[in-house]
$ cat query.cif   # mmCIF, C-alpha atoms
data_protein
loop_
_atom_site.label_atom_id
_atom_site.label_comp_id
_atom_site.auth_asym_id
_atom_site.auth_seq_id
_atom_site.Cartn_x
_atom_site.Cartn_y
_atom_site.Cartn_z
CA MET G 6 107.01 111.85 123.52
CA ASP G 7 110.66 111.31 122.60
CA GLY G 8 113.46 113.76 123.38
CA MET G 9 113.70 115.10 119.82
CA ASN G 10 110.12 116.39 119.86
CA LYS G 11 110.79 118.21 123.11
CA LEU G 12 113.74 120.07 121.59
CA TYR G 13 112.18 120.65 118.17
CA PRO G 14 108.42 121.08 118.44
CA THR G 15 106.41 120.23 115.35
CA GLY G 16 104.55 123.54 115.40
CA ARG G 17 105.80 126.84 114.04
CA THR G 18 109.38 127.47 115.14
CA GLU G 19 111.25 130.74 114.89
CA ILE G 20 114.79 131.81 115.63
CA ARG G 21 115.08 135.14 117.42
CA VAL G 22 118.34 137.08 117.47
CA LEU G 23 118.67 140.11 119.75
CA PHE G 24 120.59 143.15 118.45
CA ASP G 25 121.90 145.93 120.70
CA LEU G 26 121.51 149.03 118.55
CA ARG G 27 123.71 151.13 120.85
CA ILE G 28 126.80 149.48 119.35
CA PRO G 29 128.13 151.36 116.29
CA GLY G 30 127.30 149.60 113.01
CA VAL G 31 124.82 147.12 114.48
CA ALA G 32 121.73 148.74 112.93
CA GLU G 33 123.26 148.34 109.46
CA ARG G 34 124.21 144.74 110.25
CA LEU G 35 120.62 144.01 111.33
CA ARG G 36 119.26 145.33 108.02
CA ARG G 37 121.84 143.29 106.03
CA GLU G 38 120.91 140.14 107.94
CA GLN G 39 117.20 140.72 107.29
CA SER G 40 117.70 141.25 103.56
CA GLY G 41 119.89 138.13 103.39
CA TRP G 42 116.87 136.04 104.37
CA CYS G 43 114.98 137.16 101.22
CA GLY G 44 111.85 138.33 103.02
CA LEU G 45 111.77 135.36 105.40
CA ALA G 46 112.86 137.39 108.42
CA ASP G 47 111.25 140.32 110.19
CA ILE G 48 112.54 142.95 112.59
CA GLU G 49 110.69 143.60 115.84
CA GLU G 50 111.68 146.65 117.84
CA ILE G 51 111.71 145.93 121.56
CA GLU G 52 112.72 149.42 122.60
CA VAL G 53 114.79 152.27 121.20
CA ALA G 54 118.11 150.52 121.82
CA HIS G 55 117.16 146.89 121.07
CA ALA G 56 115.61 144.98 118.18
CA VAL G 57 115.00 141.31 117.42
CA LEU G 58 115.48 139.60 114.07
CA VAL G 59 112.81 136.89 113.73
CA ILE G 60 113.82 134.15 111.27
CA ARG G 61 111.50 131.40 110.04
CA PRO G 62 113.65 128.25 109.57
CA GLY G 63 113.04 126.21 106.44
CA GLY G 64 111.85 129.23 104.52
CA ALA G 65 115.13 129.51 102.63
CA LEU G 66 114.52 126.09 101.09
CA GLY G 67 111.22 127.34 99.69
CA VAL G 68 112.99 130.23 97.95
CA ARG G 69 115.38 127.81 96.19
CA ARG G 70 112.56 125.70 94.73
#
$ encode --input "query.cif" --output "structure tokens"
Amino acid sequence: MDGMNKLYPTGRTEIRVLFDLRIPGVAERLRREQSGWCGLADIEEIEVAHAVLVIRPGGALGVRR
């Protein structure tokens, strides 16, 4: 297996971005980021003060087509 396949597996890949909801304005930013991905990102709540934005790379190209 070459180095590229180790860094970028061929299976399903997601980008996860952690948001600290205790910071003023971050909850609104999280919702704006999710809507910017045109339904290709989901929000997972970890606990009351933290949430993760899960983005599926390559999905934006499908929206353009």
$ closest_residue --input "query.cif" --among "G:Glu38, G:Phe24, G:Cys43, G:Glu33" --to "His55 of chain G" --atoms "all atoms listed in the file"
G:Phe24
$ resolve_selection --input "query.cif" --expression "the PyMOL selection byres ((chain G and resi 27) around 12)" --output "JSON, numbers by chain"
{"G": [24, 25, 26, 28, 29, 30, 31, 32, 33, 52, 53, 54, 55, 56]}
$ resolve_selection --input "query.cif" --expression "the PyMOL selection byres ((chain G and resi 19) around 6)" --output "PyMOL selection string"
chain G and resi 18+20+60-61
$ atom_distance --input "query.cif" --atom1 "atom CA of Val57 of chain G" --atom2 "atom CA of Trp42 of chain G"
14.2 Å
$ atom_distance --input "query.cif" --atom1 "atom CA of Ser40 of chain G" --atom2 "atom CA of Pro62 of chain G"
14.9 Å
